[in-house]
>>> print(open('work.txt').read())   # compact mmCIF, C-alpha atoms
# COMPACT_ATOMS: atom_id res chain seq x y z
CA MET R 65 0.00 0.00 0.00
CA SER R 66 1.34 3.38 -0.98
CA ARG R 67 2.19 5.67 1.90
CA LYS R 68 2.32 8.87 -0.12
CA LEU R 69 -0.62 10.57 1.61
CA GLU R 70 0.72 9.62 5.05
CA LEU R 71 4.04 11.23 4.18
CA ILE R 72 2.40 14.42 2.98
CA VAL R 73 0.30 14.67 6.15
CA LEU R 74 3.35 13.92 8.29
CA ALA R 75 5.25 16.70 6.51
CA ILE R 76 2.43 19.19 7.18
CA VAL R 77 2.34 18.20 10.86
CA LEU R 78 6.13 18.49 11.12
CA ILE R 79 6.23 21.93 9.49
CA PHE R 80 3.55 22.99 11.94
CA ALA R 81 5.42 21.54 14.92
CA ILE R 82 8.74 23.10 13.94
CA GLN R 83 7.10 26.45 13.38
CA PHE R 84 5.57 26.17 16.85
CA LEU R 85 8.88 25.22 18.48
CA TYR R 86 10.60 28.12 16.78
CA MET R 87 7.89 30.67 17.56
CA SER R 88 7.46 29.60 21.17
CA SER R 89 11.18 29.80 21.86
CA THR R 90 11.80 33.13 20.14
CA THR R 91 8.70 35.08 21.14
CA ASP R 92 6.86 35.38 24.41
CA ALA R 93 3.44 34.62 22.96
CA GLU R 94 1.14 33.27 25.63
CA TYR R 95 -0.71 30.63 23.64
CA GLY R 96 -3.88 31.32 25.56
CA GLY R 97 -7.25 30.31 24.19
CA ALA R 98 -8.71 32.36 21.33
CA ASP R 99 -12.02 32.35 23.22
CA GLY R 100 -10.40 34.24 26.08
CA GLU R 101 -9.00 36.82 23.68
CA ALA R 102 -12.49 37.36 22.30
CA GLU R 103 -13.62 38.14 25.84
CA GLY R 104 -10.93 40.83 25.95
CA VAL R 105 -12.19 42.38 22.73
CA ILE R 106 -15.78 42.34 24.01
CA ASN R 107 -14.63 44.21 27.10
CA GLU R 108 -12.75 46.68 24.93
CA ILE R 109 -15.73 47.32 22.63
CA THR R 110 -18.27 47.70 25.40
CA GLY R 111 -15.87 49.54 27.70
CA GLY R 112 -16.01 46.73 30.25
CA THR R 113 -19.72 47.22 30.88
CA TYR R 114 -20.91 43.89 29.53
CA GLU R 115 -22.12 41.42 32.10
CA PRO R 116 -22.49 37.84 30.85
CA ILE R 117 -26.17 36.89 30.92
CA ALA R 118 -25.40 33.43 32.28
CA GLU R 119 -22.66 31.52 34.03
CA PRO R 120 -21.57 27.97 33.22
CA LEU R 121 -23.46 25.47 35.37
CA TRP R 122 -20.23 23.79 36.36
CA GLU R 123 -16.62 24.64 35.66
CA PRO R 124 -13.64 22.31 35.89
CA PRO R 125 -12.08 23.29 39.23
CA SER R 126 -8.55 23.41 37.82
CA GLY R 127 -6.54 23.30 34.62
CA GLU R 128 -5.60 19.70 35.41
CA ILE R 129 -9.21 18.59 35.63
CA GLU R 130 -9.96 20.45 32.42
CA SER R 131 -7.18 18.70 30.53
CA LEU R 132 -8.38 15.40 32.01
CA LEU R 133 -11.81 15.95 30.49
CA PHE R 134 -10.38 17.09 27.16
CA GLY R 135 -8.15 14.03 27.17
CA LEU R 136 -11.13 11.84 27.94
CA GLN R 137 -13.03 13.35 25.03
CA ALA R 138 -10.15 12.60 22.65
CA ALA R 139 -9.72 9.08 24.04
CA ILE R 140 -13.39 8.19 23.60
CA GLY R 141 -13.31 9.46 20.03
CA ALA R 142 -10.05 7.72 19.15
CA GLY R 143 -11.29 4.46 20.67
CA VAL R 144 -14.48 4.51 18.62
CA ILE R 145 -12.61 5.28 15.39
CA GLY R 146 -10.06 2.54 16.03
CA TYR R 147 -12.72 -0.01 16.96
CA PHE R 148 -14.80 0.47 13.84
CA LEU R 149 -11.94 0.77 11.38
CA GLY R 150 -10.64 -2.48 12.86
CA TYR R 151 -14.11 -4.00 12.57
CA TYR R 152 -14.32 -3.02 8.90
CA ARG R 153 -10.87 -4.33 8.24
CA ALA R 154 -11.51 -7.72 9.77
CA LYS R 155 -14.93 -7.96 8.11
CA LYS R 156 -13.47 -7.20 4.72
CA ASN R 157 -10.80 -9.77 5.33
CA TYR R 158 -13.31 -12.49 6.15
CA GLU R 159 -15.63 -11.64 3.31
CA ASN R 160 -13.20 -11.07 0.48
CA GLU R 161 -10.11 -13.04 1.23
CA LEU R 162 -11.30 -15.98 3.27
CA GLY R 163 -14.63 -16.31 1.51
CA TYR R 164 -16.92 -16.21 4.53
CA GLY R 165 -20.31 -14.57 4.42
CA SER R 166 -22.63 -14.03 1.51
CA LYS R 167 -20.84 -11.08 -0.01
CA ASN R 168 -17.69 -12.66 -1.28
CA GLN R 169 -17.66 -10.91 -4.61
CA PRO R 170 -15.16 -8.04 -4.83
CA GLU R 171 -16.22 -5.08 -2.77
CA GLY R 172 -18.05 -2.33 -4.60
CA GLU R 173 -19.88 -4.69 -6.91
CA THR R 174 -22.46 -5.69 -4.35
CA PRO R 175 -25.96 -5.27 -5.77
CA SER R 176 -27.55 -2.09 -4.50
CA SER R 177 -30.38 -2.74 -2.09
CA MET U 58 -14.26 28.78 18.62
CA HIS U 59 -17.17 28.61 20.94
CA VAL U 60 -18.93 31.72 22.00
CA MET U 61 -18.65 31.48 25.78
CA GLU U 62 -21.52 30.97 28.16
CA GLY U 63 -23.46 34.18 28.67
CA PHE U 64 -21.59 36.14 26.06
CA LEU U 65 -24.47 36.67 23.68
CA PRO U 66 -27.09 39.11 24.94
CA ALA U 67 -30.76 38.86 23.98
CA PRO U 68 -32.06 38.77 21.32
CA TRP U 69 -29.05 37.17 19.66
CA TRP U 70 -28.87 33.93 21.54
CA GLN U 71 -32.58 33.30 20.91
CA ILE U 72 -32.17 34.13 17.21
CA TRP U 73 -29.41 31.56 16.76
CA PHE U 74 -31.45 28.95 18.59
CA ALA U 75 -34.41 29.70 16.36
CA ILE U 76 -32.27 29.12 13.29
CA SER U 77 -30.46 26.04 14.60
CA ILE U 78 -33.29 24.03 16.15
CA PRO U 79 -35.16 23.32 12.88
CA VAL U 80 -31.92 22.17 11.26
CA ILE U 81 -31.13 19.85 14.18
CA ALA U 82 -34.68 18.47 14.09
CA PHE U 83 -34.40 17.85 10.36
CA GLY U 84 -31.00 16.24 10.94
CA ILE U 85 -32.41 13.86 13.57
CA TYR U 86 -35.24 12.93 11.21
CA LYS U 87 -32.80 12.30 8.36
CA MET U 88 -30.44 10.34 10.57
CA ASN U 89 -33.23 8.07 11.85
CA LYS U 90 -34.45 7.47 8.33
CA LEU U 91 -30.98 6.67 7.05
CA VAL U 92 -30.18 4.32 9.94
CA ASN U 93 -33.51 2.49 9.52
CA GLU U 94 -33.00 2.06 5.80
CA LYS U 95 -29.34 1.18 5.89
CA ARG U 96 -28.36 -0.39 9.16
CA GLU U 97 -24.82 -0.95 7.91
CA ILE U 98 -23.99 2.76 7.92
CA LEU U 99 -24.17 2.87 11.72
CA PRO U 100 -20.46 2.17 12.31
CA LEU U 101 -19.50 4.84 9.78
CA LEU U 102 -21.80 7.31 11.50
CA ALA U 103 -20.04 6.47 14.78
CA VAL U 104 -16.64 7.04 13.16
CA ALA U 105 -17.71 10.43 11.78
CA GLY U 106 -19.08 11.46 15.18
CA ALA U 107 -15.98 10.22 16.97
CA PHE U 108 -13.81 12.20 14.56
CA VAL U 109 -15.61 15.39 15.62
CA PHE U 110 -15.03 14.33 19.24
CA VAL U 111 -11.30 13.87 18.77
CA LEU U 112 -10.57 16.94 16.67
CA SER U 113 -12.61 19.37 18.73
CA SER U 114 -10.79 18.26 21.89
CA LEU U 115 -7.37 19.11 20.50
CA LYS U 116 -6.47 22.66 21.31
CA LEU U 117 -3.61 23.45 19.01
CA PRO U 118 -1.22 26.36 19.17
CA SER U 119 -1.46 28.61 16.15
CA VAL U 120 1.17 30.74 14.44
CA VAL U 121 -0.13 33.96 15.97
CA GLY U 122 0.42 32.83 19.56
CA SER U 123 -2.99 31.69 20.67
CA CYS U 124 -4.72 28.33 20.83
CA SER U 125 -7.81 27.07 19.16
CA HIS U 126 -9.12 23.76 17.95
CA PRO U 127 -10.27 22.21 14.69
CA THR U 128 -13.89 21.13 14.34
CA GLY U 129 -13.85 17.80 12.51
CA THR U 130 -17.36 18.28 11.16
CA GLY U 131 -16.25 18.36 7.53
CA VAL U 132 -15.88 14.59 7.30
CA ALA U 133 -19.43 14.00 8.53
CA ALA U 134 -20.69 16.67 6.13
CA ILE U 135 -19.06 15.00 3.13
CA ILE U 136 -20.39 11.54 3.99
CA PHE U 137 -23.80 12.28 5.50
CA GLY U 138 -24.59 15.86 4.49
CA PRO U 139 -24.87 19.02 6.61
CA ALA U 140 -28.10 18.21 8.50
CA ILE U 141 -26.74 15.04 10.11
CA SER U 142 -23.45 16.85 10.83
CA ALA U 143 -25.45 19.41 12.79
CA VAL U 144 -26.71 16.62 15.08
CA LEU U 145 -23.20 15.23 15.62
CA GLY U 146 -21.84 18.73 16.25
CA THR U 147 -24.56 19.40 18.80
CA ILE U 148 -23.62 16.29 20.80
CA VAL U 149 -20.00 17.44 21.03
CA LEU U 150 -20.96 21.03 21.86
CA LEU U 151 -23.23 19.80 24.65
CA TYR U 152 -20.42 17.69 26.12
CA GLN U 153 -18.07 20.66 26.09
CA ALA U 154 -20.66 23.07 27.46
CA LEU U 155 -21.63 20.79 30.35
CA PHE U 156 -18.31 19.28 31.39
CA LEU U 157 -15.70 21.75 30.25
CA ALA U 158 -17.37 25.16 30.62
CA HIS U 159 -16.28 25.54 27.00
CA GLY U 160 -19.03 27.17 25.03
CA GLY U 161 -22.30 27.25 26.89
CA LEU U 162 -25.97 26.42 27.03
CA THR U 163 -27.25 29.90 26.18
CA THR U 164 -24.76 30.17 23.32
CA LEU U 165 -25.40 26.61 22.13
CA GLY U 166 -27.63 27.82 19.31
CA ALA U 167 -24.96 30.16 18.00
CA ASN U 168 -22.24 27.53 18.30
CA VAL U 169 -24.35 24.90 16.58
CA PHE U 170 -25.01 27.39 13.79
CA SER U 171 -21.30 28.04 13.19
CA MET U 172 -19.79 24.60 13.83
CA GLY U 173 -22.71 22.31 13.06
CA ILE U 174 -24.43 24.10 10.20
CA VAL U 175 -22.40 26.67 8.25
CA GLY U 176 -19.08 24.82 8.49
CA PRO U 177 -20.59 21.55 7.18
CA VAL U 178 -22.61 23.36 4.49
CA VAL U 179 -19.45 25.03 3.19
CA ALA U 180 -17.53 21.73 3.35
CA TYR U 181 -20.33 19.95 1.51
CA LEU U 182 -20.56 22.57 -1.25
CA VAL U 183 -16.79 22.72 -1.77
CA TYR U 184 -16.71 18.92 -1.90
CA LYS U 185 -19.48 18.68 -4.49
CA ALA U 186 -17.94 21.43 -6.62
CA GLY U 187 -14.49 19.88 -6.41
CA MET U 188 -15.70 16.41 -7.36
CA LYS U 189 -17.64 17.87 -10.26
CA ALA U 190 -14.47 19.57 -11.46
CA ARG U 191 -12.83 16.13 -11.31
CA LEU U 192 -9.99 17.20 -9.06
CA ASN U 193 -8.03 14.59 -7.13
CA PHE U 194 -10.29 13.11 -4.43
CA PHE U 195 -7.93 13.75 -1.53
CA VAL U 196 -7.27 17.32 -2.64
CA VAL U 197 -11.02 17.91 -2.72
CA VAL U 198 -11.45 16.44 0.79
CA PHE U 199 -8.59 18.61 2.01
CA LEU U 200 -10.10 21.78 0.53
CA ALA U 201 -13.63 20.98 1.68
CA THR U 202 -12.74 20.24 5.31
CA ALA U 203 -10.26 23.13 5.53
CA PHE U 204 -12.77 25.63 4.20
CA GLY U 205 -15.50 24.17 6.40
CA ASP U 206 -13.30 24.62 9.46
CA TRP U 207 -12.40 28.14 8.47
CA ALA U 208 -15.99 29.10 7.70
CA THR U 209 -16.96 28.01 11.22
CA TYR U 210 -14.66 30.63 12.68
CA VAL U 211 -15.68 33.34 10.25
CA VAL U 212 -19.28 32.75 11.34
CA THR U 213 -18.29 32.87 15.02
CA SER U 214 -16.72 36.26 14.32
CA VAL U 215 -19.90 37.41 12.57
CA GLU U 216 -22.03 36.26 15.51
CA LEU U 217 -19.91 38.18 17.99
CA ALA U 218 -19.69 41.26 15.78
CA LEU U 219 -23.49 41.34 15.41
CA ALA U 220 -23.93 41.16 19.17
CA PHE U 221 -21.07 43.56 19.94
CA PRO U 222 -20.82 46.21 17.22
CA GLU U 223 -18.23 48.91 17.77
CA GLY U 224 -19.78 51.67 19.88
CA GLY U 225 -22.86 49.62 20.73
CA VAL U 226 -25.13 50.61 17.83
CA LEU U 227 -25.48 48.11 15.03
CA THR U 228 -24.83 49.59 11.60
CA LEU U 229 -22.84 48.21 8.71
CA THR U 230 -19.71 50.19 9.61
CA THR U 231 -19.76 49.34 13.31
CA PHE U 232 -20.44 45.72 12.45
CA LEU U 233 -17.48 45.61 10.07
CA ALA U 234 -15.19 47.29 12.61
CA SER U 235 -16.06 44.65 15.21
CA PHE U 236 -15.93 41.86 12.66
CA ALA U 237 -12.37 42.89 11.79
CA LYS U 238 -11.40 42.59 15.47
CA PHE U 239 -13.02 39.24 16.14
CA GLY U 240 -11.94 37.98 12.75
CA THR U 241 -8.33 38.80 13.58
CA ILE U 242 -8.56 36.58 16.63
CA PHE U 243 -10.58 33.67 15.29
CA ALA U 244 -10.20 33.53 11.55
CA VAL U 245 -6.47 34.29 11.52
CA THR U 246 -5.73 31.83 14.34
CA GLN U 247 -7.66 29.26 12.40
CA ILE U 248 -5.88 29.35 9.03
CA PRO U 249 -3.02 26.99 9.99
CA LEU U 250 -5.39 24.81 12.00
CA ALA U 251 -7.74 24.51 9.04
CA ILE U 252 -4.82 23.22 6.98
CA MET U 253 -4.12 20.59 9.64
CA GLU U 254 -7.76 19.58 9.77
CA GLY U 255 -7.87 19.22 5.99
CA ALA U 256 -4.77 17.01 6.00
CA VAL U 257 -6.00 14.71 8.76
CA SER U 258 -9.46 14.44 7.21
CA ALA U 259 -7.95 13.41 3.88
CA LEU U 260 -6.05 10.68 5.72
CA LEU U 261 -9.20 9.37 7.41
CA PHE U 262 -10.90 9.21 4.02
CA LYS U 263 -8.05 7.19 2.63
CA TYR U 264 -8.70 4.49 5.22
CA VAL U 265 -12.45 4.56 4.78
CA ILE U 266 -12.04 4.23 1.00
CA ASN U 267 -9.70 1.30 1.50
CA LEU U 268 -11.89 -0.50 4.00
CA LYS U 269 -15.47 0.32 3.24
CA SER U 270 -15.85 2.12 -0.07
CA ASP U 271 -19.11 0.31 -0.92
CA ILE U 272 -20.98 2.39 1.66
CA LEU U 273 -19.56 5.61 0.24
CA VAL U 274 -20.67 4.57 -3.24
CA GLU U 275 -24.10 3.65 -1.92
CA LEU U 276 -24.48 6.99 -0.18
CA LYS U 277 -23.44 8.61 -3.47
CA VAL U 278 -20.42 10.26 -1.85
CA VAL U 279 -18.01 8.97 -4.48
CA GLU U 280 -18.52 7.27 -7.80
CA GLU U 281 -17.43 3.74 -8.44
CA SER U 282 -14.90 4.92 -11.03
CA VAL U 283 -13.22 7.24 -8.51
CA VAL U 284 -12.88 4.39 -6.00
CA ARG U 285 -11.32 2.15 -8.62
CA LYS U 286 -8.83 4.81 -9.56
CA LEU U 287 -7.89 5.54 -5.93
CA ARG U 288 -7.49 1.85 -5.16
CA GLY U 289 -5.28 1.48 -8.18
CA ILE U 290 -3.00 4.10 -6.71
CA THR U 291 -3.04 3.09 -3.06
CA ALA U 292 -3.29 -0.68 -3.41
>>> encode(input="work.txt", output="C-alpha cells")
Amino acid sequence: MSRKLELIVLAIVLIFAIQFLYMSSTTDAEYGGADGEAEGVINEITGGTYEPIAEPLWEPPSGEIESLLFGLQAAIGAGVIGYFLGYYRAKKNYENELGYGSKNQPEGETPSS
Amino acid sequence: MHVMEGFLPAPWWQIWFAISIPVIAFGIYKMNKLVNEKREILPLLAVAGAFVFVLSSLKLPSVVGSCSHPTGTGVAAIIFGPAISAVLGTIVLLYQALFLAHGGLTTLGANVFSMGIVGPVVAYLVYKAGMKARLNFFVVVFLATAFGDWATYVVTSVELALAFPEGGVLTLTTFLASFAKFGTIFAVTQIPLAIMEGAVSALLFKYVINLKSDILVELKVVEESVVRKLRGITA
C-alpha cells in the first residue's frame, strides 16, 4: 500500500510543529485560548460594561481537571474510530479473502439494495 | 471557537437557537431514516461522530500565539450531508458546554449554527464542486474540510460582531469594525489549523475508501470509477 498521503500529512504536521517550536522559543506569545481573547475584545468594545447573561453550570475546578476531560473526550473518540476501522478491516478480510459470508464478490460490486 | 456561556445578549442567543433548532430536528429525522434504511452505515456514523469528538478536543497552538481547535465536522458533512453533521456537532458542543465550561448552554444555538451548520454546508458545497471539477479526491477532501473549518470561525466572528458592534449601535460600519477585530482573533488563528484539519481528514478518508468504499458509493459520496482509480493508486 502506498504511503504517499501519510508522508504528505506527516510533513504538514512536522512543518507545523517546527514552526511552533521556533515561535514559542523566540517570542513570548502566551498561547492562551482564542475564546479568552475574544472576551478581551468584548470588554474593549463595550468599555467593560458587559455582564455575561449566564454563568456555566459547572466549571472544571482546575486546569488539570480540564485537561483530564479534554483528554477523555479525545480518548473516547479515538477508541471509537479505532474499533470500527478495525471492525471493517476484519470484516473485509473475512468476506473477500477468506470467503466467509454471503458477499464474497469483490467489494463495490455488491448489488444495490 | 465557541462563544462562551453568557456572552451573547438577547435577542441574539434566541435568534441563533431559532435558526439552529429546525436544522437539528431535520438532521435527527434524516439520521433516523438513514439508519432504519441502511443499518450498515451505523459504524460509519459512529466514526464520523468520533472524529468530531477527537478533533474538537485538540487545542492546538497557532502561528499567531494563541490556541484554538479544529472542528472535525467536515468529514461528517461529506459523507452524511450538513443536516446530520449538525446533530453530531450538537452532541460534542453539549459535552463541552456541560463538562468543560467551554461554550455554553445559552450560546449553544450560535455555536451549533457556526460549527454544526455553516461549516458543514461550506464543506459539503466545496466537496461537491471539487468532485464535479474532477480534481483529485484527496485534494477535494482537504479543501472541503479546511474551508469548512475556516468558515466556522468566520461565522463565530460574525455572531460576535453582530452582538457587539463597535460603539454599541449596530450599523454596517460598526459591524465591520467589530468583525475585523473578532476575525483577527478567530479567523487568523484558524488558518493553519484549518490546513491541519484538511490534511488529517484526507487521511481518514483514505482508510475509509480502502476499507469500506461500498458504503460511500451507496451513499453517493463517491462514484465507483473514482474508487477504482484511488485503489489502483493506493493498493
>>> residues_around(input="work.txt", residues="Ile106 in chain R", least_positions_apart="2", cutoff="12 Å", atoms="all atoms listed in the file", output="VMD selection string")
(chain R and resid 99 to 104 108 to 116) or (chain U and resid 60 to 61 64 to 66 214 217 to 225 235 to 236 238 to 239 242)
>>> interface_residues(input="work.txt", of="chain U", to="chain R", cutoff="6 Å", atoms="only C-alpha atoms", output="ChimeraX atom specification")
/U:62-64,104,107,110-111,114,122-125,158,223,256,268,271,291-292
>>> atom_distance(input="work.txt", atom1="CA of Arg191 in chain U", atom2="CA of Val284 in chain U")
12.9 Å
>>> closest_residue(input="work.txt", among="U:Gln153, U:Thr147, U:Thr163, U:Thr228", to="Trp70 in chain U", atoms="all atoms listed in the file")
U:Thr163
>>> closest_residue(input="work.txt", among="U:Leu182, U:Val197, U:Ala143, U:Ala167", to="Val212 in chain U", atoms="only C-alpha atoms")
U:Ala167
>>> closest_residue(input="work.txt", among="U:Gly166, U:Pro249, U:Pro68, U:Gly161", to="Asp206 in chain U", atoms="all atoms listed in the file")
U:Pro249
>>> closest_residue(input="work.txt", among="U:Ala251, U:Val92, U:Ala82, U:Leu101", to="Ser270 in chain U", atoms="only C-alpha atoms")
U:Leu101
>>> atom_distance(input="work.txt", atom1="CA of Phe204 in chain U", atom2="CA of Phe243 in chain U")
13.9 Å
>>> build_atoms(input="work.txt", residues="range 65-80 of chain R", atoms="N, CA and C atoms", output="compact mmCIF listing (two decimals), keeping the file's coordinate frame")
# COMPACT_ATOMS: atom_id res chain seq x y z
N MET R 65 0.84 -1.20 0.00
CA MET R 65 0.00 0.00 0.00
C MET R 65 0.89 1.26 0.00
N SER R 66 0.54 2.16 -0.89
CA SER R 66 1.34 3.38 -0.98
C SER R 66 1.17 4.24 0.27
N ARG R 67 2.25 4.84 0.69
CA ARG R 67 2.19 5.67 1.90
C ARG R 67 2.35 7.15 1.57
N LYS R 68 2.06 7.50 0.32
CA LYS R 68 2.32 8.87 -0.12
C LYS R 68 1.52 9.90 0.70
N LEU R 69 0.22 9.61 0.88
CA LEU R 69 -0.62 10.57 1.61
C LEU R 69 -0.16 10.70 3.06
N GLU R 70 0.22 9.57 3.68
CA GLU R 70 0.72 9.62 5.05
C GLU R 70 1.94 10.53 5.15
N LEU R 71 2.82 10.41 4.15
CA LEU R 71 4.04 11.23 4.18
C LEU R 71 3.71 12.71 4.04
N ILE R 72 2.77 13.02 3.15
CA ILE R 72 2.40 14.42 2.98
C ILE R 72 1.83 14.98 4.28
N VAL R 73 0.92 14.20 4.90
CA VAL R 73 0.30 14.67 6.15
C VAL R 73 1.36 14.82 7.24
N LEU R 74 2.27 13.85 7.31
CA LEU R 74 3.35 13.92 8.29
C LEU R 74 4.17 15.19 8.08
N ALA R 75 4.46 15.51 6.81
CA ALA R 75 5.25 16.70 6.51
C ALA R 75 4.51 17.96 6.98
N ILE R 76 3.20 18.02 6.74
CA ILE R 76 2.43 19.19 7.18
C ILE R 76 2.49 19.32 8.70
N VAL R 77 2.30 18.18 9.40
CA VAL R 77 2.34 18.20 10.86
C VAL R 77 3.72 18.64 11.35
N LEU R 78 4.77 18.13 10.69
CA LEU R 78 6.13 18.49 11.12
C LEU R 78 6.41 19.97 10.92
N ILE R 79 6.03 20.50 9.75
CA ILE R 79 6.23 21.93 9.49
C ILE R 79 5.55 22.74 10.58
N PHE R 80 4.34 22.31 10.91
CA PHE R 80 3.55 22.99 11.94
C PHE R 80 4.25 22.92 13.29
